[in-house]
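Only one structure is covered here, and it is reproduced in the block below.
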Amino acid sequence: MKILKYIIAIFILFSSYSFASDGPDVFLKNSVEEISEFISENKDSLDTDENYLRAKVDELVIPKLDIKLMSKIVLGKKNWTSMNPNLRTKFQQAFRTLMVKTYMKSLTSFDGEKIKFLPYKKGERPDVARVKSVYLLNEGELSVNYSLKLNKSAEWKVYDINIDGISLIKNYRSDFKSHIERDGIDSLIEELEAKQ
């Protein structure tokens, strides 16, 4: 799916700038610069060495995700609260692996496209932010909104990306809900683990 390529390519633009003092918009802008440079300098290795690619996704992308919050959202409150702590941990690990695999597929599709960030406006809650941007493509502009949450360590973490009205998390939630209703949570975890 073309839109998934853009979701993934945009999301790989995160790196080590995550302190709250920078603000969520500054975190995103600085990250775009750093990771774009990294991809340009290491394109050949990323294209040909799967272990290097996996390690870099693990190092640069996954720490910027709030995996626990994402897990809660994609499962929904009812499913999340019905699970025991061990099952929750197991699901989070499986979902994290899915994220690694997903981002590995498209890390090398990034071609240095530009992102224009719109003026940032603070919301009502100081620990939640939405940063809006426009992804500048050859075929036109693509609207991209990032949802971030400030964690207890005072780091911004991304928990969703909305591209042209399509939410990454809502897509997963819809797919997971259907699977759970049909086959149960254990089956969903097994399916995610099988994708490793």
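Note on naming: chains are A, B, ... as they come in the structure tokens, residues start from 1 per chain, ligands start from 1 in the order shown.
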Problem set entry | Neighbour list for range 159-167 of chain A as a VMD selection string, cut-off 6 Å, only C-alpha atoms, skip fewer than 4 positions in-chain | chain A and resid 65 to 66 70 143 to 148
Once you have the residues from the selection above, write them out as a short mmCIF file (atom, residue, chain, number, x, y, z; two decimals), in the first residue's frame, restricted to C-alpha atoms.
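The resulting file, out_2.cif, is shown below:
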```
data_model
loop_
_atom_site.label_atom_id
_atom_site.label_comp_id
_atom_site.auth_asym_id
_atom_site.auth_seq_id
_atom_site.Cartn_x
_atom_site.Cartn_y
_atom_site.Cartn_z
CA LEU A 65 7.79 4.94 19.94
CA ASP A 66 5.65 4.65 23.05
CA MET A 70 0.40 2.10 21.30
CA SER A 143 -0.54 16.20 5.10
CA VAL A 144 1.16 14.51 8.07
CA ASN A 145 0.22 14.90 11.74
CA TYR A 146 2.33 13.40 14.52
CA SER A 147 0.80 12.55 17.92
CA LEU A 148 3.28 12.58 20.80
#
```
Exercise. Counting only C-alpha atoms, what is within 12 Å of range 72-75 of chain A, bar same-chain residues fewer than 3 positions away, as a PyMOL selection string?
Worked result: chain A and resi 66-69+78-83+88-89+91-92+95+159-160+167-181+184-185+188-189
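Distance check against Tyr103 in chain A using only C-alpha atoms: of A:Ser40, A:Lys157, A:Tyr52, A:Asp58, the minimum falls on A:Asp58.
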Exercise. From the list A:Lys152, A:Lys114, A:Glu41, A:Tyr120, which residue is nearest Leu136 in chain A when using only C-alpha atoms?
Worked result: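 Of all the options, A:Lys114 lies closest to Leu136 in chain A.
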For this session: Work out how far apart CA of Val57 in chain A and CA of Lys195 in chain A are and give it in Å to one decimal.
Result: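 Separation of CA of Val57 in chain A and CA of Lys195 in chain A: 16.2 Å.
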Problem set entry | Residue with smallest distance to Gly123 in chain A - pool A:Pro24, A:Pro63, A:Ala154, A:Gly76, counting only C-alpha atoms |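 That would be A:Pro24, the residue with the smallest distance to Gly123 in chain A.
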Leaving out Ala194 in chain A and any residue of its chain fewer than 2 positions from it, which residues lie within 12 Å of it when counting only C-alpha atoms, given as a PDB file with C-alpha atoms, in the first residue's frame?
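Saved the output as around12.pdb:
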```
ATOM      1  CA  ALA A  94       5.202  -9.011  19.668  1.00  0.00           C
ATOM      2  CA  PHE A  95       3.927  -5.562  18.648  1.00  0.00           C
ATOM      3  CA  THR A  97       8.750  -6.836  16.700  1.00  0.00           C
ATOM      4  CA  LEU A  98       6.016  -5.992  14.202  1.00  0.00           C
ATOM      5  CA  LYS A 101       9.740  -5.552  10.715  1.00  0.00           C
ATOM      6  CA  SER A 187      -3.971 -16.181  18.408  1.00  0.00           C
ATOM      7  CA  LEU A 188      -3.187 -12.540  17.556  1.00  0.00           C
ATOM      8  CA  ILE A 189       0.045 -12.681  19.561  1.00  0.00           C
ATOM      9  CA  GLU A 190       1.021 -15.946  17.847  1.00  0.00           C
ATOM     10  CA  GLU A 191       0.403 -14.374  14.440  1.00  0.00           C
ATOM     11  CA  LEU A 192       2.519 -11.317  15.298  1.00  0.00           C
ATOM     12  CA  GLN A 196       9.524 -12.172  13.060  1.00  0.00           C
TER      13      GLN A 196
END
```
Exercise. Which value, in Å to one decimal, gives the distance between CA of Glu33 in chain A and CA of Asp47 in chain A?
Worked result: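 Value for the CA of Glu33 in chain A-CA of Asp47 in chain A distance: 20.3 Å.
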For this session: Run DSSP on the backbone and grab whatever in chain A lands in helix (DSSP H, G or I); send it over as a PyMOL selection string.
Result: chain A and resi 2-11+20-48+50-64+67-75+77-82+85-109+168-183+185-194
Could you write out the selected residues, including C-alpha atoms, as a short mmCIF file (atom, residue, chain, number, x, y, z; two decimals), in the first residue's frame?
```cif
data_model
loop_
_atom_site.label_atom_id
_atom_site.label_comp_id
_atom_site.auth_asym_id
_atom_site.auth_seq_id
_atom_site.Cartn_x
_atom_site.Cartn_y
_atom_site.Cartn_z
CA LYS A 2 1.47 3.33 -1.08
CA ILE A 3 0.27 5.26 1.97
CA LEU A 4 2.03 2.75 4.27
CA LYS A 5 5.31 3.47 2.49
CA TYR A 6 4.92 7.15 3.36
CA ILE A 7 3.92 6.41 6.95
CA ILE A 8 7.03 4.34 7.36
CA ALA A 9 9.38 6.63 5.45
CA ILE A 10 8.22 9.62 7.46
CA PHE A 11 8.41 7.83 10.77
CA ALA A 20 10.95 17.87 26.70
CA SER A 21 12.89 21.12 26.94
CA ASP A 22 13.21 21.04 23.14
CA GLY A 23 9.46 20.74 22.65
CA PRO A 24 7.83 18.21 20.34
CA ASP A 25 8.17 20.37 17.23
CA VAL A 26 11.89 20.98 17.74
CA PHE A 27 12.39 17.28 18.46
CA LEU A 28 10.83 16.40 15.10
CA LYS A 29 12.64 19.07 13.08
CA ASN A 30 16.08 18.16 14.46
CA SER A 31 15.40 14.48 13.97
CA VAL A 32 14.53 14.95 10.31
CA GLU A 33 17.90 16.56 9.67
CA GLU A 34 19.96 13.98 11.51
CA ILE A 35 18.31 10.83 10.19
CA SER A 36 18.15 12.13 6.60
CA GLU A 37 21.89 12.62 6.72
CA PHE A 38 22.37 9.15 8.20
CA ILE A 39 20.32 7.50 5.44
CA SER A 40 22.19 9.38 2.70
CA GLU A 41 25.57 8.32 4.10
CA ASN A 42 24.60 4.67 4.69
CA LYS A 43 22.17 3.87 1.86
CA ASP A 44 24.26 1.02 0.41
CA SER A 45 24.60 -0.75 3.76
CA LEU A 46 20.90 -0.29 4.53
CA ASP A 47 20.00 -1.75 1.13
CA THR A 48 22.24 -4.81 1.30
CA GLU A 50 19.53 -6.91 6.71
CA ASN A 51 21.19 -7.27 10.12
CA TYR A 52 22.56 -3.72 9.90
CA LEU A 53 19.14 -2.47 8.81
CA ARG A 54 17.39 -4.26 11.70
CA ALA A 55 19.94 -2.90 14.19
CA LYS A 56 19.50 0.66 12.94
CA VAL A 57 15.70 0.47 13.07
CA ASP A 58 16.05 -0.86 16.61
CA GLU A 59 18.48 1.91 17.55
CA LEU A 60 16.97 4.94 15.80
CA VAL A 61 13.26 4.32 15.43
CA ILE A 62 11.88 1.98 18.08
CA PRO A 63 13.07 4.00 21.14
CA LYS A 64 11.03 6.93 19.83
CA ILE A 67 5.11 0.91 22.56
CA LYS A 68 3.08 0.51 25.75
CA LEU A 69 0.66 3.31 24.89
CA MET A 70 0.40 2.10 21.30
CA SER A 71 -0.35 -1.42 22.57
CA LYS A 72 -3.13 -0.13 24.82
CA ILE A 73 -4.68 1.87 22.00
CA VAL A 74 -4.52 -0.84 19.32
CA LEU A 75 -6.06 -3.43 21.66
CA LYS A 77 -9.40 -0.67 26.90
CA LYS A 78 -11.58 -3.77 27.23
CA ASN A 79 -9.01 -6.15 25.76
CA TRP A 80 -6.08 -4.47 27.55
CA THR A 81 -7.68 -4.62 31.00
CA SER A 82 -8.78 -8.24 30.50
CA PRO A 85 0.51 -8.59 33.14
CA ASN A 86 2.42 -11.45 31.48
CA LEU A 87 0.12 -11.47 28.47
CA ARG A 88 0.38 -7.67 28.19
CA THR A 89 4.17 -7.91 28.18
CA LYS A 90 4.04 -10.68 25.59
CA PHE A 91 1.78 -8.60 23.36
CA GLN A 92 4.02 -5.52 23.69
CA GLN A 93 7.06 -7.57 22.67
CA ALA A 94 5.20 -9.01 19.67
CA PHE A 95 3.93 -5.56 18.65
CA ARG A 96 7.43 -4.11 19.00
CA THR A 97 8.75 -6.84 16.70
CA LEU A 98 6.02 -5.99 14.20
CA MET A 99 7.14 -2.36 14.28
CA VAL A 100 10.77 -3.34 13.63
CA LYS A 101 9.74 -5.55 10.71
CA THR A 102 7.42 -2.90 9.30
CA TYR A 103 10.02 -0.13 9.39
CA MET A 104 12.73 -2.39 7.99
CA LYS A 105 10.67 -2.87 4.83
CA SER A 106 10.67 0.80 3.93
CA LEU A 107 13.70 2.37 5.57
CA THR A 108 15.53 2.39 2.26
CA SER A 109 12.58 3.89 0.36
CA LEU A 168 -1.57 4.20 11.62
CA ILE A 169 -2.86 3.17 15.06
CA LYS A 170 -6.53 3.13 14.04
CA ASN A 171 -5.66 0.87 11.11
CA TYR A 172 -3.93 -1.60 13.40
CA ARG A 173 -6.75 -1.35 15.94
CA SER A 174 -9.35 -2.24 13.33
CA ASP A 175 -7.32 -5.23 12.09
CA PHE A 176 -6.55 -6.47 15.61
CA LYS A 177 -10.16 -6.09 16.79
CA SER A 178 -11.41 -8.32 13.96
CA HIS A 179 -8.75 -10.93 14.71
CA ILE A 180 -9.45 -10.93 18.46
CA GLU A 181 -13.20 -11.25 17.94
CA ARG A 182 -12.65 -14.16 15.56
CA ASP A 183 -9.74 -16.05 17.16
CA ILE A 185 -5.81 -12.47 21.83
CA ASP A 186 -3.50 -15.49 22.10
CA SER A 187 -3.97 -16.18 18.41
CA LEU A 188 -3.19 -12.54 17.56
CA ILE A 189 0.04 -12.68 19.56
CA GLU A 190 1.02 -15.95 17.85
CA GLU A 191 0.40 -14.37 14.44
CA LEU A 192 2.52 -11.32 15.30
CA GLU A 193 5.33 -13.52 16.64
CA ALA A 194 5.23 -15.59 13.44
#
```
For this session: Please indicate the distance in Å from CA of Ala129 in chain A to CA of Leu142 in chain A, rounded to one decimal place.
Result: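 Taking CA of Ala129 in chain A as the start and CA of Leu142 in chain A as the end point, the length is 19.9 Å.
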Exercise. Using only C-alpha atoms, which residue out of A:Val158, A:Asp127, A:Asp49, A:Lys116 lies closest to Glu141 in chain A?
Worked result: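 Closest to Glu141 in chain A of all the choices is A:Lys116.
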